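Presented below is the structure to which this report refers.
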Amino acid sequence: MCRLFGFRSITLSQVHKSLISANNALVQQSSKHPDGWGVAYYALEVPHIIKSLTAAINCQVFKKVSAMVSSYTVLAHLRKATVGEIDLVNTHPFQLGHWTFAHNGNCKNFKGVRDQLIEKVDQNLRRYIIGETDSELIFFLILSFLSKEHDLDSSELKLDHLADAVKKAKKVLVSAAGPLFPDDAGDASEHFLTFIITNGSLMLAHQGGKTLFYSTHKKRCPDRDQCPMYANVCERPTVSGKVHHLIFSSEPLQGENVWIPMGFEEMVGLDDAMMLKKFH
């Protein structure tokens, strides 16, 4: 299906290596995921999104964007179309205000359950759904549950609030389309729900059958002698607590980062204070 990459850091950082120069960087993965790409990066707390229908491996714009982006928060996606035409409106990441979302999965029998799911989306948000994908609808379903109890732009939003909205949205999806399929090797028509969602400060990922890995530390940081933010946490595993960076990737990327596979239906995220938390 698709490929995901998410990044949050305590320092302003470039992601060129992860997107371009690593042996299995995102650009290399696009040879099997050729139906467009998108990169969202946050500047002055506002998401800037660049998309293309060209396979990233053949796209000079992707290489240029990857080389220039320096941000605290980045979300990237390679698409292999399953639901919806190959069109910019169907290309991830999707956005509403400060929120961006990228998905790797499939809502089983989406055509048959779409109307049922649309009814669960807040009426004030439905008008912003402009594409044909299950992914975009899932994004707005999550935001609908979040907006029922919280202002989507509130600085008081907590990671727990977002995780609770995801759980409620997932319950609706499972009720409509059946249980999630736990095996990444399952047929593409099965029900999968792996995604990353962020507002630039909070970032939360869910493993819903399609593999997702995360990293919070390196074997040895190559910048340990120059980086003013270097600390022991940069080279030590953290089950929960404050970290200096969090990276999500559909596949482990080559380099110094230590990768941990997420469990089926596990959620991993960071709050605005860079505190790592896990949910089940």
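Numbering starts fresh at 1 for the residues of each chain in the structure tokens, the chains themselves are lettered A, B, ... in the order given, and ligands are numbered from 1 as they appear.
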Practice problem: From range 131-274 of chain A, collect each residue whose DSSP state is helix (DSSP H, G or I) and return the set as number ranges by chain. | Solution: A: 134-149, 159-177, 232-235
Quiz item: Could you pull out the strand (DSSP E or B) residues of range 30-113 of chain A from DSSP and send them as an MDAnalysis selection string?
Solution: chainID A and resid 37:43 46:52 70:78 94:96 99:106
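In terms of minimum interatomic distance to Ile197 in chain A, A:Trp99 ranks closest within A:Trp99, A:Tyr42, A:Tyr128, A:Phe7, counting only C-alpha atoms.
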Exercise. Point out the residue among A:Val61, A:Ile142, A:Met203, A:Leu162 with the least atom-to-atom distance to Ile247 in chain A, counting only C-alpha atoms.
Key: A:Met203
Quiz item: So which one's closest to Leu78 in chain A, A:Leu173, A:Leu143, A:Ile50, A:Leu4? Using only C-alpha atoms, please.
Solution: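 When distances to Leu78 in chain A are compared using only C-alpha atoms, the smallest one comes from A:Leu4.
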Exercise. Name the closest residue to Val113 in chain A among the candidates A:Phe279, A:Val258, A:Val174, A:Asp153; distances are taken between atoms, counting only C-alpha atoms.
Key: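 Using only C-alpha atoms, the shortest distance to Val113 in chain A belongs to A:Val174.
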Quiz item: Leaving out His77 in chain A and any residue of its chain fewer than 2 positions from it, which residues lie within 10 Å of it when counting only C-alpha atoms, given as a list in words?
Solution: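 Result of the neighbour search: Cys2, Arg3, Leu4, Phe5, Gly6, Leu26, Ser30, His33, Gly36, Trp37, Gly38, Val39, Ala40, Lys51, Ala56, Leu75, Arg79, Lys80, Thr91, His92, Pro93, Phe101, Ala102, His103, Asn104, Ile196, Ser249 and Ser250 of chain A.
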Only C-alpha atoms, please: the residues just picked out, written as a short mmCIF file (atom, residue, chain, number, x, y, z; two decimals), in the first residue's frame.
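selection_25.cif, written as the output of this step:
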data_model
loop_
_atom_site.label_atom_id
_atom_site.label_comp_id
_atom_site.auth_asym_id
_atom_site.auth_seq_id
_atom_site.Cartn_x
_atom_site.Cartn_y
_atom_site.Cartn_z
CA CYS A 2 1.48 3.36 1.06
CA ARG A 3 4.51 4.53 3.02
CA LEU A 4 4.53 6.90 5.99
CA PHE A 5 7.17 9.08 7.62
CA GLY A 6 6.66 11.32 10.64
CA LEU A 26 11.52 7.28 1.40
CA SER A 30 8.54 5.19 -4.02
CA HIS A 33 4.52 3.36 -4.29
CA GLY A 36 2.03 10.58 -5.80
CA TRP A 37 3.69 12.00 -2.72
CA GLY A 38 3.16 14.73 -0.17
CA VAL A 39 5.28 16.44 2.46
CA ALA A 40 3.88 18.61 5.27
CA LYS A 51 2.20 17.44 -3.21
CA ALA A 56 9.08 10.67 -5.75
CA LEU A 75 4.89 14.41 7.91
CA ARG A 79 0.82 6.80 -2.20
CA LYS A 80 -0.07 3.52 -3.81
CA THR A 91 -2.96 12.73 -2.23
CA HIS A 92 -1.82 12.74 1.40
CA PRO A 93 -1.18 14.44 3.78
CA PHE A 101 -2.90 13.37 8.50
CA ALA A 102 -1.38 10.56 6.46
CA HIS A 103 -2.75 7.02 6.23
CA ASN A 104 -1.58 3.58 5.12
CA ILE A 196 0.01 9.46 11.70
CA SER A 249 8.50 5.10 9.42
CA SER A 250 6.76 2.28 7.59
#
Write out as a compact mmCIF listing (two decimals) with C-alpha atoms, in the first residue's frame each polymer residue whose atoms come within 10 Å of Ile130 in chain A, counting only C-alpha atoms; drop sequence neighbours fewer than 5 positions from it.
# COMPACT_ATOMS: atom_id res chain seq x y z
CA VAL A 89 -7.19 15.96 -3.94
CA ASN A 90 -6.66 12.29 -3.05
CA GLU A 136 -9.58 11.70 4.10
CA LEU A 137 -12.90 10.64 5.59
Quiz item: Distance CA of Ala273 in chain A-CA of Tyr72 in chain A, one decimal place?
Solution: 12.5 Å
Quiz item: From the set A:Lys171, A:Cys107, A:His245, A:Asp164, which residue has the shortest atom-to-atom contact distance to Ser71 in chain A, counting only C-alpha atoms?
Solution: A:His245
Self-check item: Nearest to Lys277 in chain A, chosen from A:Pro179, A:Asp160, A:Lys170, A:Glu265, with only C-alpha atoms counted in the distances
Solution: A:Asp160
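The interatomic distance for the pair CA of Ser147 in chain A and CA of Ser175 in chain A works out to 21.0 Å.
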